[in-house]
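Coordinates from query-v2.txt are shown below (compact mmCIF, C-alpha atoms).
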# COMPACT_ATOMS: atom_id res chain seq x y z
CA MET A 1388 0.00 0.00 0.00
CA SER A 1389 1.34 3.45 -0.83
CA MET A 1390 0.20 6.85 0.28
CA LYS A 1391 0.34 10.34 -1.15
CA LEU A 1392 2.82 12.40 0.80
CA LYS A 1393 3.27 16.02 1.75
CA ALA A 1394 6.98 16.82 1.99
CA ARG A 1395 6.90 18.58 5.35
CA GLY A 1396 5.97 16.91 8.61
CA HIS A 1397 6.66 13.32 7.52
CA SER A 1398 9.24 11.06 9.17
CA PHE A 1399 11.39 8.71 7.14
CA THR A 1400 13.39 5.62 8.09
CA VAL A 1401 17.11 5.86 7.34
CA ALA A 1402 19.30 2.76 7.34
CA ILE A 1403 22.95 3.55 8.09
CA GLU A 1404 25.90 1.35 7.18
CA LYS A 1405 29.63 1.89 7.58
CA GLY A 1406 31.51 1.27 4.37
CA GLU A 1407 34.96 -0.27 4.01
CA ASP A 1408 36.35 3.18 3.20
CA GLY A 1409 35.22 4.53 6.61
CA TYR A 1410 32.30 6.54 5.26
CA HIS A 1411 28.81 6.15 6.70
CA VAL A 1412 26.17 5.48 4.04
CA ALA A 1413 22.52 6.41 4.57
CA SER A 1414 19.67 4.87 2.57
CA VAL A 1415 16.13 6.16 2.98
CA VAL A 1416 13.97 3.04 3.18
CA GLU A 1417 10.76 4.60 1.84
CA LEU A 1418 12.42 6.47 -1.05
CA PRO A 1419 14.11 4.09 -3.53
CA GLY A 1420 17.38 5.50 -4.80
CA CYS A 1421 17.66 8.11 -2.04
CA HIS A 1422 21.15 7.68 -0.57
CA THR A 1423 23.98 9.83 0.76
CA GLN A 1424 27.27 9.42 2.61
CA ALA A 1425 29.56 11.25 5.02
CA LYS A 1426 32.57 10.65 7.28
CA SER A 1427 30.73 11.55 10.52
CA LEU A 1428 27.25 10.66 11.75
CA LYS A 1429 26.55 14.33 12.50
CA GLU A 1430 27.30 15.29 8.89
CA LEU A 1431 25.34 12.25 7.67
CA ASP A 1432 22.22 13.51 9.47
CA LYS A 1433 22.47 16.83 7.64
CA ARG A 1434 23.09 15.16 4.30
CA ALA A 1435 20.24 12.67 4.77
CA THR A 1436 17.80 15.51 5.42
CA GLU A 1437 19.09 17.34 2.35
CA ALA A 1438 18.85 14.19 0.20
CA ILE A 1439 15.23 13.64 1.27
CA GLU A 1440 14.30 17.25 0.56
CA LEU A 1441 15.94 17.13 -2.88
CA TYR A 1442 14.27 13.80 -3.68
CA LEU A 1443 10.84 15.16 -2.77
CA GLU A 1444 11.46 18.40 -4.65
CA ALA A 1445 12.46 16.48 -7.78
CA ARG A 1446 9.36 14.25 -7.56
CA GLY A 1447 6.91 17.10 -7.01
CA ASP A 1448 3.64 16.94 -5.09
CA ASP A 1449 2.69 13.45 -6.29
CA VAL A 1450 5.23 11.49 -4.25
CA ARG A 1451 3.85 8.13 -3.20
CA VAL A 1452 5.70 6.10 -0.62
CA PRO A 1453 4.98 2.61 0.68
CA GLU A 1454 3.61 2.33 4.19
CA LEU A 1455 6.47 1.05 6.32
CA VAL A 1456 5.22 -1.77 8.50
CA ALA A 1457 8.41 -2.93 10.24
CA VAL A 1458 12.18 -3.01 10.15
CA LYS A 1459 13.89 -6.06 11.55
CA LYS A 1460 17.01 -8.16 11.33
CA VAL A 1461 16.79 -11.76 10.17
CA HIS A 1462 19.54 -14.15 11.22
CA VAL A 1463 20.45 -16.91 8.75
The structure given in the file should be rewritten as structure tokens.
Amino acid sequence: MSMKLKARGHSFTVAIEKGEDGYHVASVVELPGCHTQAKSLKELDKRATEAIELYLEARGDDVRVPELVAVKKVHV
């Protein structure tokens, strides 16, 4: 299920990984292709917010995002 989204006032889920090169990489779960990276977590927060804003601006008012139900780890 997806929903129409207003850019302001919505929270997004950001998955953060640490790459082999020492950079932190952020991926916005609800926005496919919305990623950024930075050396520090503080800078990553700023860049993630900027990446989300730019993504939404580029998509216009008709952004539809899937309803996030859960995030969990699965051990195999």
Please write out, as lines of an AutoDock Vina configuration file, where the centre of an axis-aligned box around all listed atoms of segment 1414-1425 of chain A lies and how long its edges are, in Å to one decimal, after adding 4 Å on each side.
center_x = 20.2
center_y = 7.1
center_z = 0.1
size_x = 26.8
size_y = 16.2
size_z = 17.8
To one decimal in Å, tell me the separation between atom CA of Cys1421 of chain A and atom CA of Ile1439 of chain A.
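Result for atom CA of Cys1421 of chain A versus atom CA of Ile1439 of chain A: 6.9 Å, one decimal.
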Pick from A:Leu1443, A:Ala1435, A:Val1450, A:Ala1425, whichever lies nearest to Val1401 of chain A using all atoms listed in the file:
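Looking at the shortest contact to Val1401 of chain A, the residue is A:Ala1435.
For the atom pair formed by atom CA of His1411 of chain A and atom CA of His1397 of chain A, the distance is 23.3 Å, given to one decimal.
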Exercise: Lys1405 of chain A partners within 12 Å, all atoms listed in the file, chain neighbours under 3 positions left out, as a list in words:
Ala1402, Asp1408, Gly1409, Tyr1410, His1411, Val1412, Ala1413, Ser1414, Thr1423, Gln1424, Ala1425, Lys1426, Ser1427, Leu1428 and Leu1431 of chain A
Could you check the closest approach to Tyr1442 of chain A for each of A:Gly1396, A:Val1415, A:Glu1430, A:Glu1404 and tell me which residue wins, using all atoms listed in the file?
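That would be A:Val1415, the residue with the smallest distance to Tyr1442 of chain A.
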